[in-house]
file input-v6.tsv (TSV, C-alpha atoms and all ligand atoms)
chain	number	residue	atom	x	y	z
B	1	MET	CA	-38.98	-32.70	-7.53
B	2	VAL	CA	-37.73	-36.32	-7.78
B	3	ASN	CA	-38.46	-38.24	-10.97
B	4	VAL	CA	-39.46	-41.84	-10.37
B	5	ILE	CA	-38.46	-43.52	-13.63
B	6	VAL	CA	-39.00	-47.09	-14.82
B	7	VAL	CA	-37.13	-48.09	-17.97
B	8	ALA	CA	-38.74	-51.04	-19.77
B	9	GLY	CA	-36.07	-52.93	-21.73
B	10	ALA	CA	-32.42	-53.78	-21.08
B	11	GLY	CA	-30.97	-53.72	-24.58
B	12	VAL	CA	-28.55	-51.04	-25.65
B	13	SER	CA	-31.41	-48.49	-25.94
B	14	GLY	CA	-32.82	-49.07	-22.44
B	15	LEU	CA	-29.41	-49.35	-20.79
B	16	THR	CA	-28.02	-46.19	-22.43
B	17	SER	CA	-31.19	-44.28	-21.52
B	18	ALA	CA	-30.94	-45.55	-17.93
B	19	LEU	CA	-27.25	-44.64	-17.71
B	20	LEU	CA	-27.73	-41.08	-18.96
B	21	LEU	CA	-30.80	-40.55	-16.75
B	22	SER	CA	-29.04	-41.95	-13.68
B	23	ARG	CA	-26.36	-39.26	-13.93
B	24	SER	CA	-28.88	-36.84	-12.39
B	25	LYS	CA	-29.59	-37.29	-8.68
B	26	ALA	CA	-33.12	-36.07	-9.37
B	27	ASN	CA	-33.85	-39.33	-11.20
B	28	LYS	CA	-34.52	-42.61	-9.35
B	29	VAL	CA	-34.20	-45.24	-12.07
B	30	THR	CA	-35.40	-48.86	-12.16
B	31	VAL	CA	-34.83	-51.06	-15.24
B	32	VAL	CA	-37.33	-53.88	-15.84
B	33	ALA	CA	-36.86	-56.39	-18.65
B	34	LYS	CA	-37.61	-59.87	-19.88
B	35	HIS	CA	-34.03	-60.28	-21.13
B	36	MET	CA	-30.85	-58.93	-19.59
B	37	PRO	CA	-27.19	-58.88	-20.70
B	38	GLY	CA	-25.93	-62.46	-20.59
B	39	ASP	CA	-29.06	-63.82	-22.32
B	40	TYR	CA	-29.15	-64.87	-25.97
B	41	ASP	CA	-32.67	-64.85	-27.38
B	42	ILE	CA	-34.09	-64.14	-30.80
B	43	GLU	CA	-36.28	-61.38	-29.27
B	44	TYR	CA	-33.27	-59.62	-27.74
B	45	ALA	CA	-31.37	-57.89	-30.56
B	46	SER	CA	-28.52	-56.25	-28.69
B	47	PRO	CA	-26.22	-59.23	-28.01
B	48	TRP	CA	-26.32	-60.26	-31.69
B	49	ALA	CA	-25.11	-56.97	-33.12
B	50	GLY	CA	-21.63	-56.72	-34.63
B	51	ALA	CA	-21.50	-53.98	-33.45
B	52	ASN	CA	-19.80	-51.26	-35.40
B	53	VAL	CA	-20.42	-47.76	-36.72
B	54	LEU	CA	-21.36	-47.77	-40.40
B	55	PRO	CA	-23.70	-44.77	-40.79
B	56	MET	CA	-27.10	-45.63	-42.22
B	57	ALA	CA	-29.19	-42.50	-41.81
B	58	GLU	CA	-29.93	-39.92	-44.48
B	59	ASP	CA	-28.32	-36.56	-43.69
B	60	GLU	CA	-31.62	-35.07	-42.41
B	61	ASN	CA	-32.04	-37.92	-39.89
B	62	SER	CA	-28.38	-38.19	-38.93
B	63	ARG	CA	-28.70	-36.49	-35.53
B	64	TRP	CA	-28.68	-39.75	-33.58
B	65	GLU	CA	-25.56	-41.09	-35.26
B	66	ARG	CA	-23.74	-37.73	-35.31
B	67	ARG	CA	-24.30	-37.28	-31.58
B	68	THR	CA	-23.24	-40.83	-30.71
B	69	TRP	CA	-19.86	-40.91	-32.42
B	70	PRO	CA	-18.04	-38.54	-30.00
B	71	GLU	CA	-19.03	-40.66	-26.98
B	72	LEU	CA	-18.09	-43.97	-28.64
B	73	LYS	CA	-14.77	-42.39	-29.60
B	74	ARG	CA	-14.21	-41.18	-26.04
B	75	LEU	CA	-15.02	-44.61	-24.59
B	76	THR	CA	-12.66	-46.26	-27.08
B	77	GLU	CA	-9.84	-43.90	-26.17
B	78	GLU	CA	-10.35	-43.63	-22.43
B	79	VAL	CA	-12.35	-46.61	-21.14
B	80	PRO	CA	-10.77	-49.89	-22.29
B	81	GLU	CA	-13.01	-51.97	-20.03
B	82	ALA	CA	-16.03	-50.95	-22.15
B	83	GLY	CA	-14.77	-53.40	-24.81
B	84	ILE	CA	-14.62	-51.13	-27.86
B	85	HIS	CA	-11.71	-50.74	-30.26
B	86	PHE	CA	-10.94	-48.58	-33.25
B	87	GLN	CA	-11.02	-50.32	-36.58
B	88	LYS	CA	-10.73	-48.92	-40.08
B	89	ALA	CA	-13.76	-49.64	-42.28
B	90	ARG	CA	-13.72	-50.12	-46.03
B	91	VAL	CA	-16.94	-49.75	-47.96
B	92	TYR	CA	-17.09	-51.08	-51.53
B	93	ARG	CA	-19.70	-49.94	-54.06
B	94	ARG	CA	-21.06	-51.48	-57.24
B	95	LEU	CA	-22.62	-49.22	-59.88
B	96	LYS	CA	-25.34	-51.78	-60.50
B	97	ASP	CA	-26.49	-51.41	-56.88
B	98	GLU	CA	-26.67	-47.62	-57.21
B	99	ALA	CA	-28.97	-48.13	-60.17
B	100	ALA	CA	-31.42	-49.94	-57.89
B	101	PRO	CA	-32.14	-47.42	-55.10
B	102	GLY	CA	-33.87	-48.85	-52.06
B	103	TYR	CA	-32.05	-52.13	-52.53
B	104	HIS	CA	-30.14	-51.87	-49.30
B	105	PRO	CA	-31.12	-50.87	-45.75
B	106	ALA	CA	-28.03	-48.69	-45.51
B	107	ASP	CA	-28.12	-46.81	-48.83
B	108	PRO	CA	-26.58	-43.61	-47.35
B	109	LEU	CA	-23.52	-45.61	-46.29
B	110	PHE	CA	-22.73	-46.17	-49.97
B	111	SER	CA	-23.25	-42.58	-51.10
B	112	ALA	CA	-20.25	-41.24	-53.02
B	113	ASN	CA	-20.41	-37.99	-51.05
B	114	PRO	CA	-21.75	-38.99	-47.62
B	115	TRP	CA	-22.52	-36.63	-44.72
B	116	TYR	CA	-20.41	-38.76	-42.41
B	117	LYS	CA	-17.19	-37.94	-44.24
B	118	SER	CA	-16.87	-34.85	-42.05
B	119	VAL	CA	-17.73	-36.80	-38.85
B	120	LEU	CA	-15.76	-40.05	-38.94
B	121	PRO	CA	-11.96	-39.54	-38.99
B	122	ASP	CA	-9.59	-40.25	-41.88
B	123	TYR	CA	-12.27	-40.49	-44.57
B	124	ARG	CA	-10.86	-40.98	-48.05
B	125	GLU	CA	-11.95	-42.42	-51.39
B	126	LEU	CA	-10.06	-45.58	-52.28
B	127	ASN	CA	-7.67	-45.62	-55.23
B	128	GLN	CA	-8.87	-47.81	-58.05
B	129	ASP	CA	-6.17	-50.42	-57.30
B	130	GLU	CA	-7.51	-50.72	-53.71
B	131	VAL	CA	-11.04	-51.61	-54.85
B	132	ILE	CA	-11.76	-55.35	-54.67
B	133	PRO	CA	-12.75	-57.28	-57.83
B	134	GLY	CA	-16.37	-56.95	-58.88
B	135	HIS	CA	-16.71	-53.46	-57.36
B	136	ASP	CA	-16.44	-50.04	-58.94
B	137	SER	CA	-15.37	-47.71	-56.12
B	138	GLY	CA	-15.03	-47.50	-52.38
B	139	CYS	CA	-14.04	-45.45	-49.37
B	140	GLU	CA	-12.24	-45.91	-46.08
B	141	PHE	CA	-12.67	-44.23	-42.69
B	142	MET	CA	-12.01	-44.83	-39.01
B	143	SER	CA	-14.78	-46.58	-37.09
B	144	VAL	CA	-15.12	-48.71	-33.97
B	145	CYS	CA	-16.22	-52.24	-33.25
B	146	ILE	CA	-17.94	-53.05	-29.96
B	147	ASN	CA	-17.72	-56.41	-28.24
B	148	THR	CA	-21.36	-56.58	-27.12
B	149	ALA	CA	-20.61	-59.42	-24.66
B	150	VAL	CA	-18.35	-56.98	-22.79
B	151	TYR	CA	-20.11	-53.69	-23.49
B	152	LEU	CA	-23.64	-54.59	-22.35
B	153	PRO	CA	-22.49	-55.84	-18.90
B	154	TRP	CA	-20.27	-52.75	-18.69
B	155	LEU	CA	-23.35	-50.57	-19.21
B	156	VAL	CA	-25.14	-52.50	-16.44
B	157	GLY	CA	-22.16	-51.91	-14.14
B	158	GLN	CA	-22.15	-48.19	-14.85
B	159	CYS	CA	-25.88	-48.03	-14.10
B	160	LEU	CA	-25.45	-49.98	-10.83
B	161	LYS	CA	-22.73	-47.56	-9.78
B	162	ASN	CA	-25.27	-44.74	-10.20
B	163	GLY	CA	-27.90	-46.51	-8.07
B	164	VAL	CA	-30.04	-48.00	-10.85
B	165	VAL	CA	-31.98	-51.11	-9.73
B	166	PHE	CA	-32.61	-54.01	-12.17
B	167	LYS	CA	-35.60	-56.38	-12.11
B	168	ARG	CA	-36.65	-59.29	-14.32
B	169	VAL	CA	-40.21	-58.68	-15.43
B	170	VAL	CA	-42.33	-59.73	-18.41
B	171	LEU	CA	-44.77	-56.91	-19.06
B	172	THR	CA	-48.10	-57.58	-20.70
B	173	SER	CA	-48.94	-53.88	-20.75
B	174	ILE	CA	-46.67	-50.83	-20.58
B	175	ARG	CA	-49.00	-49.50	-17.85
B	176	GLU	CA	-47.71	-52.20	-15.45
B	177	ALA	CA	-44.33	-50.47	-15.40
B	178	LYS	CA	-45.91	-47.70	-13.36
B	179	THR	CA	-46.00	-49.91	-10.27
B	180	LEU	CA	-42.50	-51.39	-10.60
B	181	SER	CA	-40.16	-48.73	-9.26
B	182	HIS	CA	-37.79	-49.97	-6.54
B	183	THR	CA	-38.70	-46.84	-4.59
B	184	GLY	CA	-42.21	-48.22	-3.99
B	185	GLN	CA	-43.65	-45.00	-5.43
B	186	PRO	CA	-45.61	-44.91	-8.68
B	187	ALA	CA	-43.44	-43.99	-11.66
B	188	ASN	CA	-44.09	-40.57	-13.10
B	189	ILE	CA	-42.02	-41.47	-16.17
B	190	ILE	CA	-41.82	-44.78	-18.06
B	191	ILE	CA	-39.19	-45.18	-20.76
B	192	ASN	CA	-40.37	-47.65	-23.37
B	193	ALA	CA	-37.26	-49.31	-24.83
B	194	THR	CA	-38.87	-52.68	-25.59
B	195	ALA	CA	-37.84	-52.67	-29.28
B	196	LEU	CA	-39.65	-55.43	-31.18
B	197	GLY	CA	-41.62	-56.12	-27.98
B	198	SER	CA	-43.55	-52.91	-28.76
B	199	LEU	CA	-45.38	-54.80	-31.50
B	200	LYS	CA	-47.40	-56.80	-28.96
B	201	LEU	CA	-46.95	-54.92	-25.68
B	202	GLY	CA	-50.36	-53.82	-24.39
B	203	GLY	CA	-50.83	-50.07	-24.53
B	204	VAL	CA	-48.26	-49.72	-27.33
B	205	GLU	CA	-49.11	-52.39	-29.94
B	206	ASP	CA	-47.23	-50.62	-32.69
B	207	THR	CA	-48.12	-52.60	-35.80
B	208	THR	CA	-45.51	-50.75	-37.85
B	209	MET	CA	-42.87	-52.80	-36.02
B	210	THR	CA	-41.47	-55.82	-37.82
B	211	PRO	CA	-38.27	-57.87	-37.54
B	212	ALA	CA	-35.36	-57.38	-39.92
B	213	ARG	CA	-33.80	-60.80	-39.49
B	214	GLY	CA	-30.02	-60.85	-39.35
B	215	GLN	CA	-28.09	-64.10	-39.67
B	216	VAL	CA	-24.37	-64.10	-38.87
B	217	VAL	CA	-21.42	-66.46	-38.51
B	218	VAL	CA	-18.97	-65.71	-35.70
B	219	VAL	CA	-15.44	-66.98	-36.35
B	220	ARG	CA	-12.06	-66.99	-34.61
B	221	ASN	CA	-10.23	-65.83	-37.74
B	222	GLU	CA	-9.02	-62.25	-37.59
B	223	HIS	CA	-9.42	-59.56	-40.20
B	224	HIS	CA	-8.61	-55.88	-40.61
B	225	PRO	CA	-10.07	-53.62	-41.83
B	226	MET	CA	-13.85	-54.02	-41.47
B	227	VAL	CA	-15.62	-54.50	-44.78
B	228	ALA	CA	-19.11	-53.77	-46.13
B	229	THR	CA	-20.28	-54.08	-49.71
B	230	SER	CA	-23.22	-52.41	-51.41
B	231	GLY	CA	-24.90	-55.59	-52.62
B	232	THR	CA	-24.62	-59.28	-53.41
B	233	ASP	CA	-25.69	-61.40	-56.36
B	234	ASP	CA	-27.14	-64.04	-54.02
B	235	SER	CA	-30.35	-62.30	-52.92
B	236	SER	CA	-31.67	-58.82	-52.17
B	237	THR	CA	-32.02	-59.87	-48.50
B	238	GLU	CA	-28.36	-60.90	-48.25
B	239	MET	CA	-25.38	-58.67	-47.60
B	240	THR	CA	-21.66	-58.91	-47.01
B	241	TYR	CA	-19.87	-57.45	-44.03
B	242	ILE	CA	-16.95	-58.38	-41.83
B	243	MET	CA	-16.01	-56.88	-38.49
B	244	GLN	CA	-13.65	-57.97	-35.77
B	245	ARG	CA	-14.91	-57.35	-32.25
B	246	ALA	CA	-12.66	-55.91	-29.57
B	247	ALA	CA	-11.11	-57.97	-26.78
B	248	GLY	CA	-11.20	-61.43	-28.32
B	249	GLY	CA	-14.87	-61.24	-29.26
B	250	GLY	CA	-14.33	-63.00	-32.59
B	251	THR	CA	-15.05	-61.77	-36.09
B	252	ILE	CA	-18.63	-61.35	-37.30
B	253	LEU	CA	-19.37	-62.42	-40.84
B	254	GLY	CA	-22.66	-61.09	-42.13
B	255	GLY	CA	-25.26	-61.36	-43.12
B	256	THR	CA	-28.87	-60.85	-43.99
B	257	TYR	CA	-31.48	-58.10	-43.63
B	258	ASP	CA	-34.75	-59.90	-44.13
B	259	LEU	CA	-37.87	-57.92	-43.30
B	260	GLY	CA	-40.79	-59.81	-41.78
B	261	ASN	CA	-38.84	-63.05	-41.27
B	262	TRP	CA	-39.15	-64.40	-37.66
B	263	GLU	CA	-37.18	-67.65	-38.19
B	264	SER	CA	-34.95	-68.19	-35.17
B	265	ILE	CA	-32.89	-71.11	-36.53
B	266	PRO	CA	-29.82	-70.26	-38.64
B	267	ASP	CA	-30.34	-71.38	-42.24
B	268	PRO	CA	-27.36	-73.58	-43.24
B	269	ASN	CA	-27.54	-72.57	-46.90
B	270	ILE	CA	-27.43	-68.90	-45.97
B	271	ALA	CA	-24.54	-69.64	-43.60
B	272	ILE	CA	-22.52	-71.23	-46.42
B	273	ARG	CA	-23.22	-68.25	-48.67
B	274	ILE	CA	-22.19	-65.79	-45.92
B	275	MET	CA	-18.89	-67.64	-45.42
B	276	LYS	CA	-18.21	-67.93	-49.16
B	277	ARG	CA	-18.82	-64.22	-49.76
B	278	ALA	CA	-16.67	-63.27	-46.77
B	279	VAL	CA	-13.72	-65.33	-47.98
B	280	GLN	CA	-14.16	-64.07	-51.53
B	281	THR	CA	-14.25	-60.45	-50.34
B	282	ALA	CA	-11.37	-60.89	-47.89
B	283	PRO	CA	-9.23	-63.92	-48.84
B	284	GLY	CA	-6.83	-62.95	-46.04
B	285	LEU	CA	-9.42	-64.21	-43.52
B	286	THR	CA	-8.26	-67.79	-44.10
B	287	GLY	CA	-4.90	-67.20	-45.77
B	288	GLY	CA	-6.30	-68.39	-49.07
B	289	LYS	CA	-7.71	-71.67	-47.67
B	290	GLY	CA	-11.34	-70.89	-48.57
B	291	ILE	CA	-14.20	-71.46	-46.15
B	292	GLU	CA	-12.58	-74.65	-44.81
B	293	GLY	CA	-10.06	-72.34	-43.17
B	294	LEU	CA	-12.76	-70.64	-41.08
B	295	SER	CA	-12.89	-71.59	-37.39
B	296	VAL	CA	-16.56	-71.16	-36.46
B	297	ILE	CA	-17.49	-70.09	-32.93
B	298	ARG	CA	-21.23	-70.06	-33.58
B	299	HIS	CA	-24.00	-69.36	-36.04
B	300	GLY	CA	-26.52	-66.80	-34.87
B	301	VAL	CA	-29.72	-64.98	-35.70
B	302	GLY	CA	-30.99	-61.72	-34.26
B	303	LEU	CA	-34.10	-59.73	-35.10
B	304	ARG	CA	-33.42	-56.05	-35.67
B	305	PRO	CA	-36.34	-53.94	-34.37
B	306	TYR	CA	-37.42	-52.30	-37.64
B	307	ARG	CA	-40.08	-49.58	-37.60
B	308	LYS	CA	-41.69	-48.56	-40.88
B	309	ASN	CA	-41.44	-44.81	-40.33
B	310	GLY	CA	-38.19	-44.86	-38.41
B	311	VAL	CA	-37.35	-44.65	-34.75
B	312	ARG	CA	-39.98	-43.44	-32.25
B	313	ILE	CA	-38.60	-41.05	-29.65
B	314	GLU	CA	-41.41	-39.00	-28.18
B	315	GLU	CA	-43.57	-38.42	-25.13
B	316	GLU	CA	-46.99	-39.98	-24.74
B	317	ILE	CA	-49.16	-39.02	-21.78
B	318	LEU	CA	-50.37	-42.16	-19.98
B	319	ASP	CA	-52.49	-40.38	-17.34
B	320	GLU	CA	-52.42	-37.24	-15.23
B	321	GLN	CA	-49.48	-38.51	-13.20
B	322	THR	CA	-47.37	-40.45	-15.68
B	323	SER	CA	-45.78	-39.95	-19.08
B	324	ILE	CA	-44.23	-42.55	-21.35
B	325	VAL	CA	-41.10	-41.61	-23.28
B	326	HIS	CA	-40.71	-44.00	-26.20
B	327	ASN	CA	-37.26	-44.96	-27.49
B	328	TYR	CA	-37.69	-47.90	-29.85
B	329	GLY	CA	-37.44	-48.95	-33.48
B	330	HIS	CA	-33.68	-48.61	-34.11
B	331	ALA	CA	-33.50	-51.36	-36.74
B	332	GLY	CA	-29.82	-51.93	-37.61
B	333	TRP	CA	-28.27	-48.86	-35.94
B	334	GLY	CA	-29.11	-49.18	-32.23
B	335	TYR	CA	-25.50	-48.95	-31.04
B	336	GLN	CA	-24.28	-46.30	-33.43
B	337	GLY	CA	-27.25	-44.10	-32.48
B	338	SER	CA	-27.47	-45.05	-28.80
B	339	TYR	CA	-26.07	-41.92	-27.17
B	340	GLY	CA	-27.86	-39.54	-29.55
B	341	CYS	CA	-31.18	-41.24	-28.77
B	342	GLY	CA	-30.44	-41.50	-25.02
B	343	GLU	CA	-29.63	-37.80	-24.97
B	344	ARG	CA	-33.04	-37.02	-26.55
B	345	VAL	CA	-34.72	-39.20	-23.89
B	346	VAL	CA	-33.02	-37.11	-21.19
B	347	GLU	CA	-34.15	-33.88	-22.91
B	348	LEU	CA	-37.75	-35.11	-23.00
B	349	VAL	CA	-37.62	-36.19	-19.34
B	350	ASN	CA	-36.24	-32.76	-18.38
B	351	GLU	CA	-39.01	-31.06	-20.35
B	352	ILE	CA	-41.65	-33.16	-18.56
B	353	ARG	CA	-40.06	-32.41	-15.19
B	354	LYS	CA	-40.02	-28.69	-15.90
B	355	ARG	CA	-43.64	-28.72	-17.07
B	356	LYS	CA	-44.81	-30.73	-14.03
B	357	GLY	CA	-42.82	-28.46	-11.70
B	358	GLU	CA	-44.50	-25.44	-13.25
B	359	ASP	CA	-47.91	-27.11	-12.90
B	360	GLN	CA	-47.27	-27.82	-9.21
B	361	SER	CA	-46.18	-24.27	-8.48
B	362	ARG	CA	-49.41	-23.01	-10.09
B	363	HIS	CA	-51.58	-25.04	-7.64
N	401	LIG	P1	-33.27	-55.06	-27.72
N	401	LIG	O1	-31.82	-55.29	-27.59
N	401	LIG	O2	-34.06	-56.04	-28.52
N	401	LIG	O3	-33.85	-54.99	-26.25
N	401	LIG	C1	-35.23	-54.98	-26.00
N	401	LIG	C2	-35.44	-55.14	-24.51
N	401	LIG	O4	-36.81	-55.02	-24.23
N	401	LIG	C3	-34.99	-56.50	-23.97
N	401	LIG	O5	-34.45	-56.37	-22.68
N	401	LIG	C4	-36.30	-57.26	-23.91
N	401	LIG	O6	-36.31	-58.33	-22.99
N	401	LIG	C5	-37.21	-56.14	-23.45
N	401	LIG	N1	-38.62	-56.42	-23.66
N	401	LIG	C6	-39.29	-56.54	-24.82
N	401	LIG	N2	-40.59	-56.82	-24.59
N	401	LIG	C7	-40.73	-56.87	-23.25
N	401	LIG	C8	-41.83	-57.12	-22.37
N	401	LIG	N3	-43.05	-57.37	-22.83
N	401	LIG	N4	-41.61	-57.11	-21.02
N	401	LIG	C9	-40.38	-56.86	-20.52
N	401	LIG	N5	-39.30	-56.63	-21.31
N	401	LIG	C10	-39.49	-56.63	-22.65
N	401	LIG	N6	-26.50	-51.93	-34.57
N	401	LIG	C11	-25.42	-51.10	-34.68
N	401	LIG	O7	-25.47	-49.96	-34.22
N	401	LIG	N7	-24.28	-51.54	-35.29
N	401	LIG	C12	-24.16	-52.80	-35.81
N	401	LIG	O8	-23.10	-53.17	-36.33
N	401	LIG	C13	-25.28	-53.67	-35.72
N	401	LIG	N8	-25.22	-54.93	-36.23
N	401	LIG	C14	-26.29	-55.77	-36.06
N	401	LIG	C15	-26.20	-57.08	-36.54
N	401	LIG	C16	-27.23	-57.98	-36.32
N	401	LIG	C17	-27.09	-59.39	-36.83
N	401	LIG	C18	-28.39	-57.56	-35.61
N	401	LIG	C19	-29.49	-58.52	-35.33
N	401	LIG	C20	-28.49	-56.26	-35.18
N	401	LIG	C21	-27.47	-55.34	-35.41
N	401	LIG	N9	-27.55	-54.01	-34.98
N	401	LIG	C22	-26.46	-53.18	-35.08
N	401	LIG	C23	-28.81	-53.46	-34.48
N	401	LIG	C24	-28.86	-53.43	-32.97
N	401	LIG	O9	-28.56	-54.70	-32.45
N	401	LIG	C25	-30.26	-52.99	-32.52
N	401	LIG	O10	-30.63	-51.79	-33.16
N	401	LIG	C26	-30.26	-52.76	-31.01
N	401	LIG	O11	-29.71	-53.86	-30.34
N	401	LIG	C27	-31.67	-52.48	-30.49
N	401	LIG	O12	-31.55	-52.35	-29.11
N	401	LIG	P2	-32.84	-52.21	-28.19
N	401	LIG	O13	-32.35	-51.99	-26.81
N	401	LIG	O14	-33.74	-51.17	-28.77
N	401	LIG	O15	-33.59	-53.61	-28.35
call {"tool": "encode", "arguments": {"input": "input-v6.tsv", "output": "structure tokens"}}
result
Amino acid sequence: MVNVIVVAGAGVSGLTSALLLSRSKANKVTVVAKHMPGDYDIEYASPWAGANVLPMAEDENSRWERRTWPELKRLTEEVPEAGIHFQKARVYRRLKDEAAPGYHPADPLFSANPWYKSVLPDYRELNQDEVIPGHDSGCEFMSVCINTAVYLPWLVGQCLKNGVVFKRVVLTSIREAKTLSHTGQPANIIINATALGSLKLGGVEDTTMTPARGQVVVVRNEHHPMVATSGTDDSSTEMTYIMQRAAGGGTILGGTYDLGNWESIPDPNIAIRIMKRAVQTAPGLTGGKGIEGLSVIRHGVGLRPYRKNGVRIEEEILDEQTSIVHNYGHAGWGYQGSYGCGERVVELVNEIRKRKGEDQSRH
């Protein structure tokens, strides 16, 4: 039995799902999306991401991130054209942030005994003399940083090589995807990877979706290692992180995590605070010249697709012929969970295929 599959969405979630599905000849995959790699739009989160691996899940929900790391590591080692490089990450903690649980979207990252210490290589606690001023402790481990401007087109290329067909479409209802396969046949499986689009998309209208606004400054200055801190004194919606993208992609200075804020224009006051905190945390960024020493490429804002109860990866039966497999709501971890989630999509599609095959043989 051939699966006619339409993937709605061409961010990292849709593209990774399409890539993994297209590895089976039994799957004929079409990707339909309003935005594609190359576009920059507030509604399209993927290009704005750093993107690195700084684990955010609690241990019990860590499957997606645990399963993704080996593939990102393999790509970094063996596939240079994917635009990913290894970079050490340093995470600094303040005791006063620990005292306020729930303060940060990535609390588990700052745990003193995190699950990821057995997953990410070279994990170690920092010596006290390695901890930056104003912080009480920290750790270091090996991570990666993805140049999204290289990686997303690379994913498209890998999909094209496997026969995936891409179409620009604005869906008003998820049901429309059923008629959009390049094969001309009705889709028996629709993958919903429309992220924040799922809030308004007819037939989904998931009101638990909301944006987690992320403002960043992209600079030419270089910095190793990557840095993330457990909190700032500026605002509970502001954070400090620094990561240098692979292959000349610039260095991302972050940022904010502002739930419910749809503002698409970068706020200049926030931008100044981001740059000040970055230079304070890592004076080496500008060789001690302060923020005047930063060479800005651009200011940006992306909306992370936050879902109140966490990611939705499950089957929903649309009608007798067609199932929807949802894969949306990845908030701030869409890249670092992409292969784990894509793998679950493939499992669900295989389960549907098996069930439908069994149904057919019964008739
Ligand atoms: P999106 O990239 O938003 O893609 C959604 C797709 O659905 C688009 O193609 C869109 O056009 C399409 N679509 C939506 N509605 C419709 C419709 N009605 N009709 C047709 N198409 C539709 N993650 C990490 O793992 N590591 C990081 O370091 C990291 N840093 C980040 C920093 C910032 C500033 C931001 C904003 C995000 C960051 N993230 C990071 C999070 C990551 O970017 C997201 O989790 C991820 O991009 C979500 O991907 P997605 O494919 O689900 O959604």
call {"tool": "atom_distance", "arguments": {"input": "input-v6.tsv", "atom1": "atom O13 of ligand LIG 401 (chain N)", "atom2": "atom CA of B:Ile42"}}
result
12.9 Å
call {"tool": "residues_near_ligand", "arguments": {"input": "input-v6.tsv", "ligand": "ligand LIG 401 (chain N)", "cutoff": "6 Å", "atoms": "all atoms listed in the file", "output": "number ranges by chain"}}
result
B: 8-14, 33-36, 43-46, 48-53, 169-172, 193-195, 197, 201, 214-216, 302-304, 328, 330-336
call {"tool": "write_last_selection", "arguments": {"input": "input-v6.tsv", "atoms": "C-alpha atoms", "output": "CSV table (one decimal), keeping the file's coordinate frame"}}
result
chain,number,residue,atom,x,y,z
B,8,ALA,CA,-38.7,-51.0,-19.8
B,9,GLY,CA,-36.1,-52.9,-21.7
B,10,ALA,CA,-32.4,-53.8,-21.1
B,11,GLY,CA,-31.0,-53.7,-24.6
B,12,VAL,CA,-28.6,-51.0,-25.6
B,13,SER,CA,-31.4,-48.5,-25.9
B,14,GLY,CA,-32.8,-49.1,-22.4
B,33,ALA,CA,-36.9,-56.4,-18.6
B,34,LYS,CA,-37.6,-59.9,-19.9
B,35,HIS,CA,-34.0,-60.3,-21.1
B,36,MET,CA,-30.8,-58.9,-19.6
B,43,GLU,CA,-36.3,-61.4,-29.3
B,44,TYR,CA,-33.3,-59.6,-27.7
B,45,ALA,CA,-31.4,-57.9,-30.6
B,46,SER,CA,-28.5,-56.2,-28.7
B,48,TRP,CA,-26.3,-60.3,-31.7
B,49,ALA,CA,-25.1,-57.0,-33.1
B,50,GLY,CA,-21.6,-56.7,-34.6
B,51,ALA,CA,-21.5,-54.0,-33.4
B,52,ASN,CA,-19.8,-51.3,-35.4
B,53,VAL,CA,-20.4,-47.8,-36.7
B,169,VAL,CA,-40.2,-58.7,-15.4
B,170,VAL,CA,-42.3,-59.7,-18.4
B,171,LEU,CA,-44.8,-56.9,-19.1
B,172,THR,CA,-48.1,-57.6,-20.7
B,193,ALA,CA,-37.3,-49.3,-24.8
B,194,THR,CA,-38.9,-52.7,-25.6
B,195,ALA,CA,-37.8,-52.7,-29.3
B,197,GLY,CA,-41.6,-56.1,-28.0
B,201,LEU,CA,-47.0,-54.9,-25.7
B,214,GLY,CA,-30.0,-60.8,-39.4
B,215,GLN,CA,-28.1,-64.1,-39.7
B,216,VAL,CA,-24.4,-64.1,-38.9
B,302,GLY,CA,-31.0,-61.7,-34.3
B,303,LEU,CA,-34.1,-59.7,-35.1
B,304,ARG,CA,-33.4,-56.0,-35.7
B,328,TYR,CA,-37.7,-47.9,-29.8
B,330,HIS,CA,-33.7,-48.6,-34.1
B,331,ALA,CA,-33.5,-51.4,-36.7
B,332,GLY,CA,-29.8,-51.9,-37.6
B,333,TRP,CA,-28.3,-48.9,-35.9
B,334,GLY,CA,-29.1,-49.2,-32.2
B,335,TYR,CA,-25.5,-49.0,-31.0
B,336,GLN,CA,-24.3,-46.3,-33.4
call {"tool": "closest_residue", "arguments": {"input": "input-v6.tsv", "among": "B:Gly138, B:Gly255, B:Pro211, B:Pro153", "to": "B:Ile272", "atoms": "all atoms listed in the file"}}
result
B:Gly255
call {"tool": "residues_near_point", "arguments": {"input": "input-v6.tsv", "point": "(-23.7, -36.4, -33.5)", "cutoff": "10 Å", "atoms": "only C-alpha atoms", "output": "tab-separated table (two decimals) with C-alpha atoms, in the frame of the given file"}}
result
chain	number	residue	atom	x	y	z
B	62	SER	CA	-28.38	-38.19	-38.93
B	63	ARG	CA	-28.70	-36.49	-35.53
B	64	TRP	CA	-28.68	-39.75	-33.58
B	65	GLU	CA	-25.56	-41.09	-35.26
B	66	ARG	CA	-23.74	-37.73	-35.31
B	67	ARG	CA	-24.30	-37.28	-31.58
B	68	THR	CA	-23.24	-40.83	-30.71
B	69	TRP	CA	-19.86	-40.91	-32.42
B	70	PRO	CA	-18.04	-38.54	-30.00
B	71	GLU	CA	-19.03	-40.66	-26.98
B	116	TYR	CA	-20.41	-38.76	-42.41
B	119	VAL	CA	-17.73	-36.80	-38.85
B	336	GLN	CA	-24.28	-46.30	-33.43
B	337	GLY	CA	-27.25	-44.10	-32.48
B	339	TYR	CA	-26.07	-41.92	-27.17
B	340	GLY	CA	-27.86	-39.54	-29.55
